[in-house]
$ cat upload.txt   # compact mmCIF, C-alpha atoms and all ligand atoms
# COMPACT_ATOMS: atom_id res chain seq x y z
CA MET X 587 -54.23 -114.58 -46.03
CA LEU X 588 -52.80 -111.15 -45.25
CA PRO X 589 -49.03 -111.80 -44.90
CA TYR X 590 -47.02 -110.37 -41.98
CA GLY X 591 -44.60 -108.83 -44.46
CA ARG X 592 -44.09 -108.60 -48.19
CA GLN X 593 -42.22 -106.67 -50.86
CA SER X 594 -43.53 -103.65 -52.71
CA ILE X 595 -42.60 -103.81 -56.40
CA ALA X 596 -43.36 -100.85 -58.67
CA GLU X 597 -43.07 -100.59 -62.45
CA SER X 598 -39.90 -98.54 -61.87
CA ASP X 599 -38.36 -101.60 -60.17
CA VAL X 600 -39.36 -103.86 -63.06
CA ASP X 601 -37.94 -101.39 -65.60
CA ALA X 602 -34.65 -101.11 -63.70
CA VAL X 603 -34.14 -104.88 -63.69
CA ALA X 604 -35.17 -105.24 -67.34
CA ALA X 605 -32.66 -102.56 -68.36
CA VAL X 606 -29.81 -104.52 -66.78
CA LEU X 607 -31.06 -107.73 -68.36
CA ARG X 608 -30.74 -106.08 -71.78
CA GLY X 609 -27.20 -104.90 -71.04
CA ASP X 610 -23.76 -106.51 -70.92
CA TRP X 611 -23.45 -107.39 -67.26
CA LEU X 612 -25.40 -109.96 -65.33
CA THR X 613 -23.02 -110.62 -62.46
CA THR X 614 -20.39 -108.23 -61.08
CA GLY X 615 -20.69 -105.08 -63.17
CA PRO X 616 -21.35 -101.36 -62.77
CA THR X 617 -24.73 -101.78 -61.07
CA VAL X 618 -23.10 -103.57 -58.13
CA THR X 619 -20.82 -100.56 -57.66
CA ALA X 620 -23.69 -98.11 -58.09
CA PHE X 621 -25.81 -99.94 -55.51
CA GLU X 622 -22.91 -100.15 -53.05
CA ASP X 623 -22.29 -96.40 -53.45
CA ALA X 624 -26.00 -95.71 -52.91
CA ILE X 625 -26.08 -97.87 -49.77
CA SER X 626 -23.00 -96.08 -48.50
CA ALA X 627 -24.73 -92.73 -49.03
CA VAL X 628 -27.63 -93.66 -46.72
CA THR X 629 -25.52 -95.46 -44.09
CA GLY X 630 -23.08 -92.76 -43.05
CA GLY X 631 -20.74 -92.68 -46.05
CA HIS X 632 -18.80 -95.82 -45.09
CA ARG X 633 -17.87 -98.45 -47.66
CA ALA X 634 -20.62 -100.97 -48.40
CA VAL X 635 -20.03 -104.46 -49.82
CA THR X 636 -23.10 -106.22 -51.20
CA CYS X 637 -23.62 -109.96 -50.88
CA THR X 638 -26.20 -112.68 -51.35
CA SER X 639 -28.07 -112.46 -48.02
CA GLY X 640 -28.11 -111.02 -44.53
CA THR X 641 -26.76 -114.38 -43.36
CA ALA X 642 -23.83 -114.07 -45.78
CA ALA X 643 -23.27 -110.51 -44.54
CA LEU X 644 -22.96 -111.74 -40.95
CA HIS X 645 -20.56 -114.50 -42.00
CA MET X 646 -18.45 -111.92 -43.87
CA ALA X 647 -18.54 -109.45 -40.99
CA TYR X 648 -17.38 -112.00 -38.43
CA ALA X 649 -14.73 -113.32 -40.83
CA ALA X 650 -13.49 -109.75 -41.40
CA ALA X 651 -13.44 -109.11 -37.66
CA GLY X 652 -11.23 -112.15 -37.30
CA GLY X 653 -13.43 -114.00 -34.83
CA GLY X 654 -12.52 -117.67 -34.50
CA PRO X 655 -11.63 -120.37 -31.97
CA GLY X 656 -10.79 -118.82 -28.60
CA ASP X 657 -12.76 -115.65 -29.32
CA GLN X 658 -16.09 -114.71 -27.81
CA VAL X 659 -18.97 -112.94 -29.52
CA ILE X 660 -21.55 -111.39 -27.22
CA THR X 661 -24.99 -111.12 -28.76
CA THR X 662 -28.71 -111.07 -28.11
CA PRO X 663 -30.87 -114.19 -28.15
CA MET X 664 -33.82 -112.15 -29.48
CA THR X 665 -32.90 -112.44 -33.13
CA PHE X 666 -32.78 -114.68 -36.17
CA VAL X 667 -30.27 -117.49 -35.66
CA ALA X 668 -27.80 -116.10 -38.24
CA THR X 669 -26.75 -113.25 -35.91
CA ALA X 670 -25.09 -115.91 -33.76
CA SER X 671 -24.48 -118.75 -36.19
CA GLY X 672 -22.43 -116.55 -38.51
CA ALA X 673 -19.79 -116.46 -35.76
CA SER X 674 -20.32 -120.02 -34.49
CA ILE X 675 -19.52 -121.38 -37.94
CA LEU X 676 -16.09 -119.71 -37.68
CA GLY X 677 -15.44 -121.41 -34.34
CA ALA X 678 -16.10 -118.45 -32.04
CA GLU X 679 -17.91 -118.95 -28.75
CA ILE X 680 -21.27 -117.19 -28.46
CA VAL X 681 -22.13 -115.51 -25.18
CA PHE X 682 -25.81 -114.60 -25.01
CA ALA X 683 -26.53 -111.45 -23.02
CA ASP X 684 -30.11 -110.65 -22.07
CA VAL X 685 -32.28 -107.95 -23.59
CA GLU X 686 -33.99 -104.95 -22.03
CA GLU X 687 -37.41 -105.90 -20.68
CA ASP X 688 -39.35 -103.35 -22.73
CA THR X 689 -37.51 -102.94 -26.07
CA ALA X 690 -36.14 -106.50 -26.42
CA LEU X 691 -32.83 -104.89 -27.48
CA LEU X 692 -29.42 -106.05 -26.23
CA ASP X 693 -29.05 -104.68 -22.69
CA PRO X 694 -25.72 -102.82 -22.21
CA ALA X 695 -25.74 -103.77 -18.51
CA ALA X 696 -25.92 -107.47 -19.45
CA VAL X 697 -23.10 -106.96 -21.96
CA GLU X 698 -21.03 -105.22 -19.28
CA ALA X 699 -21.47 -108.26 -17.04
CA ALA X 700 -20.48 -110.67 -19.83
CA VAL X 701 -17.51 -108.93 -21.46
CA THR X 702 -14.00 -110.38 -21.12
CA GLU X 703 -10.58 -109.90 -22.68
CA ARG X 704 -11.58 -112.63 -25.15
CA THR X 705 -14.58 -110.68 -26.48
CA ARG X 706 -13.97 -109.99 -30.15
CA VAL X 707 -17.36 -108.65 -31.23
CA ILE X 708 -20.40 -107.24 -29.45
CA ALA X 709 -23.27 -107.81 -31.85
CA ALA X 710 -26.54 -105.96 -31.28
CA VAL X 711 -29.69 -106.28 -33.36
CA ASP X 712 -31.99 -103.38 -34.18
CA TYR X 713 -34.98 -105.56 -33.41
CA ALA X 714 -38.13 -104.56 -35.32
CA GLY X 715 -36.25 -101.60 -36.84
CA HIS X 716 -35.48 -99.79 -33.56
CA ALA X 717 -31.76 -99.12 -33.04
CA ALA X 718 -30.04 -100.56 -29.98
CA ASP X 719 -28.10 -98.32 -27.56
CA TYR X 720 -24.75 -98.02 -29.35
CA ASP X 721 -23.45 -95.13 -27.22
CA ALA X 722 -23.63 -97.48 -24.25
CA LEU X 723 -22.22 -100.52 -26.12
CA GLN X 724 -19.27 -98.87 -27.91
CA PRO X 725 -17.27 -97.90 -24.77
CA ILE X 726 -17.59 -101.45 -23.45
CA ALA X 727 -16.23 -102.81 -26.74
CA ASP X 728 -13.46 -100.20 -26.92
CA ARG X 729 -12.28 -101.02 -23.40
CA VAL X 730 -11.47 -104.64 -24.34
CA GLY X 731 -10.43 -104.00 -27.95
CA ALA X 732 -13.59 -105.56 -29.39
CA LEU X 733 -15.66 -104.37 -32.34
CA THR X 734 -19.34 -103.46 -32.25
CA LEU X 735 -21.61 -104.99 -34.87
CA ASP X 736 -25.08 -103.77 -35.75
CA ASP X 737 -27.22 -106.50 -37.30
CA ALA X 738 -29.41 -104.00 -39.10
CA ALA X 739 -31.39 -106.56 -41.09
CA HIS X 740 -34.52 -104.75 -39.82
CA SER X 741 -33.43 -101.15 -39.61
CA ILE X 742 -31.89 -99.59 -42.73
CA GLY X 743 -33.29 -96.07 -42.95
CA GLY X 744 -33.57 -95.63 -39.20
CA THR X 745 -31.58 -93.25 -37.02
CA TYR X 746 -30.19 -93.10 -33.45
CA LYS X 747 -29.37 -89.71 -31.90
CA GLY X 748 -29.62 -88.25 -35.40
CA ARG X 749 -27.06 -90.70 -36.88
CA PRO X 750 -28.13 -93.14 -39.59
CA VAL X 751 -28.05 -96.90 -39.21
CA GLY X 752 -24.70 -97.89 -40.75
CA ASP X 753 -22.93 -95.20 -38.73
CA LEU X 754 -23.80 -96.64 -35.30
CA ALA X 755 -21.41 -99.58 -34.92
CA ASP X 756 -17.97 -100.47 -36.27
CA ILE X 757 -19.55 -102.87 -38.70
CA THR X 758 -23.16 -103.14 -39.88
CA THR X 759 -24.94 -105.95 -41.71
CA LEU X 760 -28.05 -105.56 -43.86
CA SER X 761 -30.58 -107.97 -45.36
CA PHE X 762 -32.61 -107.40 -48.51
CA PHE X 763 -34.97 -110.36 -48.10
CA PRO X 764 -38.46 -109.58 -49.51
CA THR X 765 -40.06 -108.82 -46.12
CA LYS X 766 -37.29 -106.35 -45.21
CA ASN X 767 -37.30 -102.57 -45.59
CA LEU X 768 -36.06 -102.90 -49.17
CA THR X 769 -35.46 -105.98 -51.27
CA THR X 770 -33.21 -107.51 -53.92
CA GLY X 771 -34.96 -110.91 -53.68
CA GLU X 772 -32.21 -112.53 -51.66
CA GLY X 773 -29.44 -110.09 -50.76
CA GLY X 774 -27.51 -108.25 -48.11
CA ALA X 775 -24.56 -105.98 -47.43
CA VAL X 776 -21.77 -105.23 -44.99
CA VAL X 777 -20.98 -101.61 -44.11
CA ALA X 778 -17.73 -100.97 -42.26
CA LYS X 779 -16.29 -97.76 -40.84
CA ASP X 780 -12.73 -99.04 -41.20
CA GLU X 781 -11.62 -99.45 -44.82
CA ALA X 782 -9.33 -102.40 -43.98
CA LEU X 783 -12.26 -104.22 -42.38
CA ALA X 784 -14.45 -103.51 -45.43
CA GLN X 785 -11.70 -104.81 -47.72
CA ARG X 786 -11.44 -108.04 -45.70
CA ALA X 787 -15.22 -108.49 -45.98
CA HIS X 788 -14.95 -107.82 -49.71
CA GLU X 789 -12.21 -110.38 -50.25
CA PHE X 790 -14.01 -113.00 -48.15
CA HIS X 791 -17.11 -112.68 -50.36
CA PHE X 792 -14.92 -112.77 -53.50
CA ILE X 793 -13.31 -116.21 -52.93
CA GLY X 794 -10.35 -114.53 -51.22
CA LEU X 795 -8.99 -113.26 -54.54
CA VAL X 796 -6.34 -110.54 -54.30
CA ARG X 797 -6.10 -108.43 -57.45
CA ASP X 798 -3.98 -105.52 -56.22
CA SER X 799 -0.52 -106.21 -57.69
CA SER X 800 1.21 -104.26 -54.92
CA ARG X 801 0.13 -107.02 -52.52
CA PHE X 802 1.10 -110.01 -54.69
CA ARG X 803 3.33 -112.64 -53.14
CA ILE X 804 3.87 -114.27 -56.55
CA SER X 805 5.21 -111.52 -58.80
CA ASP X 806 6.38 -113.15 -62.05
CA GLU X 807 3.32 -114.78 -63.58
CA GLY X 808 1.91 -112.18 -65.96
CA PRO X 809 -0.92 -109.69 -66.47
CA TRP X 810 -3.65 -112.30 -65.86
CA HIS X 811 -2.44 -113.03 -62.37
CA GLN X 812 -4.56 -112.95 -59.22
CA GLU X 813 -3.92 -114.88 -56.03
CA VAL X 814 -5.51 -116.06 -52.79
CA HIS X 815 -4.02 -115.32 -49.36
CA GLU X 816 -6.96 -116.34 -47.20
CA PHE X 817 -9.94 -118.62 -47.90
CA GLY X 818 -13.15 -117.00 -49.05
CA ILE X 819 -16.55 -117.82 -50.50
CA ASN X 820 -18.48 -116.61 -53.53
CA TYR X 821 -21.16 -114.47 -51.87
CA ARG X 822 -21.34 -111.93 -54.72
CA LEU X 823 -24.66 -110.23 -55.44
CA THR X 824 -25.48 -109.87 -59.14
CA ASP X 825 -25.96 -106.74 -61.24
CA LEU X 826 -29.54 -107.92 -61.78
CA ALA X 827 -30.28 -107.99 -58.06
CA CYS X 828 -28.43 -104.71 -57.51
CA ALA X 829 -30.61 -103.04 -60.17
CA LEU X 830 -33.64 -103.95 -58.08
CA GLY X 831 -31.85 -102.77 -54.94
CA LEU X 832 -30.90 -99.44 -56.46
CA SER X 833 -34.44 -98.84 -57.60
CA GLN X 834 -35.82 -99.91 -54.20
CA LEU X 835 -33.36 -97.68 -52.36
CA ALA X 836 -34.87 -94.69 -54.17
CA ARG X 837 -38.16 -95.68 -52.50
CA LEU X 838 -36.71 -96.33 -49.01
CA GLN X 839 -37.84 -93.01 -47.54
CA ALA X 840 -41.41 -93.54 -48.82
CA PHE X 841 -41.37 -97.11 -47.45
CA LYS X 842 -40.22 -95.84 -44.08
CA GLU X 843 -42.90 -93.14 -43.95
CA ARG X 844 -45.63 -95.67 -44.76
CA ARG X 845 -44.31 -98.12 -42.15
CA THR X 846 -44.23 -95.29 -39.61
CA ALA X 847 -47.81 -94.28 -40.44
CA ILE X 848 -49.04 -97.88 -40.10
CA THR X 849 -47.22 -98.21 -36.77
CA ALA X 850 -48.87 -95.01 -35.54
CA ARG X 851 -52.29 -96.30 -36.64
CA TYR X 852 -51.75 -99.59 -34.79
CA ASN X 853 -50.47 -97.73 -31.72
CA ALA X 854 -53.51 -95.46 -31.59
CA ALA X 855 -55.94 -98.36 -32.01
CA LEU X 856 -54.25 -100.83 -29.66
CA ALA X 857 -52.71 -98.72 -26.86
CA SER X 858 -55.61 -99.21 -24.49
CA VAL X 859 -56.68 -102.73 -25.43
CA ASP X 860 -56.68 -105.03 -22.40
CA GLY X 861 -54.34 -107.99 -22.50
CA LEU X 862 -51.92 -106.35 -24.92
CA ARG X 863 -48.69 -104.32 -24.80
CA ILE X 864 -47.66 -102.26 -27.81
CA PRO X 865 -44.00 -101.67 -28.84
CA VAL X 866 -42.08 -98.91 -27.08
CA GLN X 867 -39.88 -96.30 -28.73
CA ARG X 868 -36.93 -94.49 -27.13
CA ASP X 869 -36.92 -90.69 -27.46
CA ASP X 870 -33.57 -90.56 -29.26
CA VAL X 871 -34.43 -93.20 -31.88
CA ASP X 872 -36.27 -92.76 -35.16
CA PRO X 873 -37.00 -96.37 -36.09
CA ALA X 874 -37.47 -97.78 -39.58
CA TRP X 875 -40.23 -100.10 -38.36
CA HIS X 876 -39.80 -103.51 -39.96
CA LEU X 877 -42.01 -105.45 -37.53
CA TYR X 878 -44.95 -104.43 -35.39
CA PRO X 879 -44.38 -106.68 -32.36
CA VAL X 880 -47.20 -106.65 -29.81
CA ARG X 881 -47.12 -108.64 -26.59
CA VAL X 882 -50.12 -110.83 -25.87
CA LEU X 883 -50.49 -111.15 -22.10
CA ASP X 884 -52.06 -113.78 -19.83
CA GLY X 885 -50.50 -116.75 -21.62
CA ARG X 886 -52.74 -116.28 -24.65
CA ARG X 887 -50.16 -115.77 -27.43
CA ARG X 888 -50.57 -119.19 -29.06
CA GLU X 889 -54.37 -119.05 -28.94
CA VAL X 890 -54.37 -115.55 -30.45
CA PHE X 891 -51.84 -116.60 -33.11
CA GLU X 892 -53.98 -119.56 -34.16
CA LYS X 893 -57.27 -117.67 -34.16
CA MET X 894 -55.83 -114.81 -36.20
CA ARG X 895 -54.38 -117.21 -38.75
CA GLU X 896 -57.77 -118.95 -38.95
CA ARG X 897 -59.29 -115.59 -39.76
CA GLY X 898 -56.83 -114.82 -42.54
CA ILE X 899 -54.40 -112.58 -40.67
CA GLY X 900 -50.86 -113.80 -41.26
CA VAL X 901 -49.26 -113.07 -37.92
CA GLN X 902 -45.74 -114.29 -37.11
CA VAL X 903 -43.56 -114.84 -34.04
CA ASN X 904 -40.11 -113.19 -33.98
CA TYR X 905 -38.14 -114.93 -32.43
CA ILE X 906 -37.57 -118.14 -30.52
CA PRO X 907 -34.53 -117.36 -28.28
CA VAL X 908 -31.53 -118.38 -30.38
CA TYR X 909 -30.01 -120.67 -27.74
CA TRP X 910 -33.20 -122.79 -27.72
CA HIS X 911 -32.27 -124.06 -31.19
CA PRO X 912 -31.04 -127.65 -30.85
CA VAL X 913 -27.71 -126.70 -32.43
CA TYR X 914 -27.03 -124.47 -29.40
CA ALA X 915 -28.73 -126.77 -26.88
CA ASP X 916 -26.36 -129.50 -28.10
CA LEU X 917 -23.46 -127.22 -27.20
CA GLY X 918 -24.75 -126.97 -23.62
CA TYR X 919 -26.74 -123.72 -23.68
CA ARG X 920 -29.66 -124.03 -21.29
CA ARG X 921 -33.10 -122.46 -21.10
CA GLY X 922 -33.43 -119.79 -18.43
CA MET X 923 -30.17 -117.99 -19.33
CA CYS X 924 -31.87 -114.80 -20.55
CA PRO X 925 -35.19 -114.40 -18.72
CA ASN X 926 -36.20 -111.13 -20.39
CA ALA X 927 -35.76 -112.62 -23.86
CA GLU X 928 -37.71 -115.73 -22.88
CA ALA X 929 -40.54 -113.68 -21.37
CA PHE X 930 -40.64 -111.53 -24.49
CA TYR X 931 -40.73 -114.58 -26.75
CA ALA X 932 -43.59 -116.10 -24.76
CA GLU X 933 -45.78 -113.06 -25.49
CA GLU X 934 -44.56 -111.76 -28.85
CA LEU X 935 -46.80 -111.58 -31.93
CA SER X 936 -45.86 -109.68 -35.11
CA LEU X 937 -48.83 -108.08 -36.88
CA PRO X 938 -48.80 -107.48 -40.65
CA LEU X 939 -46.59 -104.53 -41.58
CA TYR X 940 -45.49 -103.59 -45.09
CA PRO X 941 -45.75 -100.47 -47.25
CA ASP X 942 -48.62 -101.67 -49.45
CA LEU X 943 -50.81 -102.56 -46.45
CA THR X 944 -53.82 -100.21 -46.66
CA ASP X 945 -55.43 -98.35 -43.76
CA ASP X 946 -58.52 -100.53 -44.23
CA GLN X 947 -56.38 -103.66 -43.87
CA VAL X 948 -54.74 -102.25 -40.73
CA ASP X 949 -58.20 -101.59 -39.30
CA GLN X 950 -59.22 -105.14 -40.21
CA VAL X 951 -56.19 -106.54 -38.33
CA VAL X 952 -57.10 -104.41 -35.30
CA GLU X 953 -60.72 -105.54 -35.45
CA VAL X 954 -59.83 -109.23 -35.62
CA LEU X 955 -57.24 -108.91 -32.85
CA THR X 956 -59.58 -107.08 -30.49
CA GLU X 957 -62.38 -109.58 -31.18
CA VAL X 958 -60.07 -112.52 -30.56
CA LEU X 959 -58.87 -110.97 -27.30
CA ALA X 960 -62.37 -110.02 -26.08
C1 LIG V 1 -32.12 -109.96 -37.46
C2 LIG V 1 -31.80 -110.75 -38.69
N1 LIG V 1 -30.52 -111.05 -38.95
C3 LIG V 1 -30.16 -111.73 -40.05
C4 LIG V 1 -31.10 -112.15 -40.96
C5 LIG V 1 -30.66 -112.97 -42.14
O1 LIG V 1 -30.97 -112.33 -43.33
P1 LIG V 1 -31.25 -113.20 -44.66
O2 LIG V 1 -32.62 -113.78 -44.55
O3 LIG V 1 -31.15 -112.16 -45.75
O4 LIG V 1 -30.18 -114.22 -44.76
C6 LIG V 1 -32.45 -111.83 -40.75
C7 LIG V 1 -33.49 -112.21 -41.73
O5 LIG V 1 -34.18 -113.16 -41.64
C8 LIG V 1 -32.81 -111.13 -39.58
O6 LIG V 1 -34.09 -110.84 -39.33

$ encode --input "upload.txt" --output "structure tokens" --more "lines below"
Ligand SMILES: Cc1ncc(COP(=O)(O)O)c(C=O)c1O
Amino acid sequence: MLPYGRQSIAESDVDAVAAVLRGDWLTTGPTVTAFEDAISAVTGGHRAVTCTSGTAALHMAYAAAGGGPGDQVITTPMTFVATASGASILGAEIVFADVEEDTALLDPAAVEAAVTERTRVIAAVDYAGHAADYDALQPIADRVGALTLDDAAHSIGGTYKGRPVGDLADITTLSFFPTKNLTTGEGGAVVAKDEALAQRAHEFHFIGLVRDSSRFRISDEGPWHQEVHEFGINYRLTDLACALGLSQLARLQAFKERRTAITARYNAALASVDGLRIPVQRDDVDPAWHLYPVRVLDGRRREVFEKMRERGIGVQVNYIPVYWHPVYADLGYRRGMCPNAEAFYAEELSLPLYPDLTDDQVDQVVEVLTEVLA
């Protein structure tokens, strides 16, 4: 079965991990710092804090933003559940705003209609690797004193109006799961423009430990002293994982170019196939394509999914609208809230896309898809 996504591991990645394994540090050592600095360098120069997953990154970002009971987080339903659940778990109320009909990205007009004085965070997702419209979202957030969040699990390496992902929103979260644009096995990061916000994210992922003596509230214990002011979790990424990340980051540009070339090959082959819509791209966005999401028309998505799987093509569906999950249904969210997202979900099919996919394999996917549709 051709998977819909998978990692690309080179000997350089293996060597980088083995070198750390032979050294002194397995957990929080110099490679964590080196990887965080390298992430910062490709995400606009803002401080990056690594962590154990994209889900952890979202939890940290919402905790740093201070979202809790009484606060609202506006987000898109066309995403993985963690974009919303990372705030729900802190007690914030999620307000789902609909997506644009063509891109499936959070629609600024829908956000405008949903925003209130209680909005703490406006969280967009760069679905499939294509950045959302941050120049439209930021003024809405600024007006009510909210923060913008870019769930960039799909989009590290992409740009919007010439600015890199990481520089688009107040706070950005990344995932380094194996199918993503670069991997550390499990892993993720938070990037924040404001240093105080980054420090809060850091402390949250470090059990809440305060080690800066100028901030101590207990001052007479001794040189070993560290203390906790707010609760936190251990979400630390290891030196081992960061060695893989650092090595992968050196390959990010090559990964992006290959993903772009595969996307172009799919586009050329599928643009005029009946019963199909190919992904759209805004003029001012240079995506880091993580998914290749086609839309299968005429109510045939499930049939096409099953037939392609039968023929060894590992297609996927991204995503069921988040508020359809029973955990949200139980809270009273009802189907029909975001018609564009639901219509998109009904038709969406992700074709295989990863750097090691060969042109011949792309052509095979196209052949099977066109035969199934015919
Ligand atoms: C949009 C989005 N947000 C968050 C996540 C969570 O990332 P992770 O799997 O690293 O926890 C994912 C990955 O599945 C994702 O696709």

$ axis_aligned_box --input "upload.txt" --around "ligand LIG 1 (chain V)" --padding-each-side "8 Å" --output "lines of an AutoDock Vina configuration file"
center_x = -32.2
center_y = -112.1
center_z = -41.6
size_x = 20.0
size_y = 20.3
size_z = 24.3

$ residues_near_ligand --input "upload.txt" --ligand "ligand LIG 1 (chain V)" --cutoff "7 Å" --atoms "only C-alpha atoms and all ligand atoms" --output "list in words"
Ser639, Gly640, Thr641, Ala642, Thr665, Phe666, Ala668, Thr669, Val711, Tyr713, Asp737, Ala738, Ala739, His740, Ser761, Phe762, Phe763, Glu772, Gly773 and Gly774 of chain X

$ residues_around --input "upload.txt" --residues "Pro764 in chain X" --least-positions-apart "3" --cutoff "9 Å" --atoms "only C-alpha atoms" --output "list of chain:residue names"
X:Gly591, X:Arg592, X:Gln593, X:Ser594, X:Asn767, X:Leu768, X:Thr769, X:Thr770, X:Gly771, X:Glu772

$ closest_residue --input "upload.txt" --among "X:Asp721, X:Glu703, X:Glu934, X:Asp736" --to "Pro865 in chain X" --atoms "all atoms listed in the file"
X:Glu934

$ residues_around --input "upload.txt" --residues "range 621-626 of chain X" --least-positions-apart "6" --cutoff "8 Å" --atoms "all atoms listed in the file" --output "ChimeraX atom specification"
/X:632-636,777,828-829,831-832,835

$ closest_residue --input "upload.txt" --among "X:Asp870, X:Asp949, X:Glu679, X:Asp684" --to "Ala927 in chain X" --atoms "only C-alpha atoms"
X:Asp684

$ closest_residue --input "upload.txt" --among "X:Arg844, X:Ala915, X:Gln834, X:Gln867" --to "Leu691 in chain X" --atoms "all atoms listed in the file"
X:Gln867

$ decode --input "upload.txt" --residues "range 904-958 of chain X" --atoms "C-alpha atoms" --output "mmCIF file, in the first residue's frame"
data_model
loop_
_atom_site.group_PDB
_atom_site.id
_atom_site.type_symbol
_atom_site.label_atom_id
_atom_site.label_comp_id
_atom_site.auth_asym_id
_atom_site.auth_seq_id
_atom_site.Cartn_x
_atom_site.Cartn_y
_atom_site.Cartn_z
ATOM 1 C CA ASN X 904 -8.620 15.244 6.329
ATOM 2 C CA TYR X 905 -10.794 16.082 8.301
ATOM 3 C CA ILE X 906 -14.133 15.293 9.870
ATOM 4 C CA PRO X 907 -15.428 18.713 11.089
ATOM 5 C CA VAL X 908 -14.127 18.997 14.644
ATOM 6 C CA TYR X 909 -17.526 19.713 16.216
ATOM 7 C CA TRP X 910 -18.859 16.379 14.877
ATOM 8 C CA HIS X 911 -16.647 14.585 17.406
ATOM 9 C CA PRO X 912 -18.874 13.249 20.189
ATOM 10 C CA VAL X 913 -16.886 15.221 22.775
ATOM 11 C CA TYR X 914 -18.130 18.433 21.121
ATOM 12 C CA ALA X 915 -21.573 17.066 20.226
ATOM 13 C CA ASP X 916 -21.983 16.276 23.937
ATOM 14 C CA LEU X 917 -21.331 19.949 24.673
ATOM 15 C CA GLY X 918 -24.214 20.926 22.379
ATOM 16 C CA TYR X 919 -22.442 21.696 19.092
ATOM 17 C CA ARG X 920 -24.734 20.753 16.225
ATOM 18 C CA ARG X 921 -24.158 19.667 12.638
ATOM 19 C CA GLY X 922 -24.906 22.355 10.075
ATOM 20 C CA MET X 923 -23.015 25.128 11.923
ATOM 21 C CA CYS X 924 -20.302 25.520 9.275
ATOM 22 C CA PRO X 925 -21.740 24.515 5.884
ATOM 23 C CA ASN X 926 -18.579 25.186 3.868
ATOM 24 C CA ALA X 927 -16.516 22.941 6.135
ATOM 25 C CA GLU X 928 -19.136 20.203 5.995
ATOM 26 C CA ALA X 929 -19.380 20.401 2.199
ATOM 27 C CA PHE X 930 -15.592 20.274 1.959
ATOM 28 C CA TYR X 931 -15.418 17.265 4.275
ATOM 29 C CA ALA X 932 -18.042 15.422 2.231
ATOM 30 C CA GLU X 933 -15.840 15.624 -0.876
ATOM 31 C CA GLU X 934 -12.273 15.675 0.449
ATOM 32 C CA LEU X 935 -9.717 12.985 -0.397
ATOM 33 C CA SER X 936 -5.981 13.325 0.329
ATOM 34 C CA LEU X 937 -3.750 11.665 -2.269
ATOM 35 C CA PRO X 938 -0.281 10.344 -1.360
ATOM 36 C CA LEU X 939 2.226 13.170 -0.938
ATOM 37 C CA TYR X 940 5.712 12.853 0.544
ATOM 38 C CA PRO X 941 9.227 13.673 -0.652
ATOM 39 C CA ASP X 942 10.260 10.107 -1.524
ATOM 40 C CA LEU X 943 7.180 9.537 -3.712
ATOM 41 C CA THR X 944 8.529 9.036 -7.248
ATOM 42 C CA ASP X 945 7.087 10.515 -10.444
ATOM 43 C CA ASP X 946 6.130 6.983 -11.508
ATOM 44 C CA GLN X 947 4.189 6.516 -8.276
ATOM 45 C CA VAL X 948 2.433 9.870 -8.777
ATOM 46 C CA ASP X 949 1.467 8.754 -12.279
ATOM 47 C CA GLN X 950 0.205 5.464 -10.853
ATOM 48 C CA VAL X 951 -2.006 7.341 -8.353
ATOM 49 C CA VAL X 952 -3.368 9.494 -11.193
ATOM 50 C CA GLU X 953 -4.035 6.440 -13.340
ATOM 51 C CA VAL X 954 -5.906 4.596 -10.592
ATOM 52 C CA LEU X 955 -7.917 7.686 -9.654
ATOM 53 C CA THR X 956 -8.960 8.445 -13.220
ATOM 54 C CA GLU X 957 -9.892 4.790 -13.818
ATOM 55 C CA VAL X 958 -11.947 4.678 -10.635
#
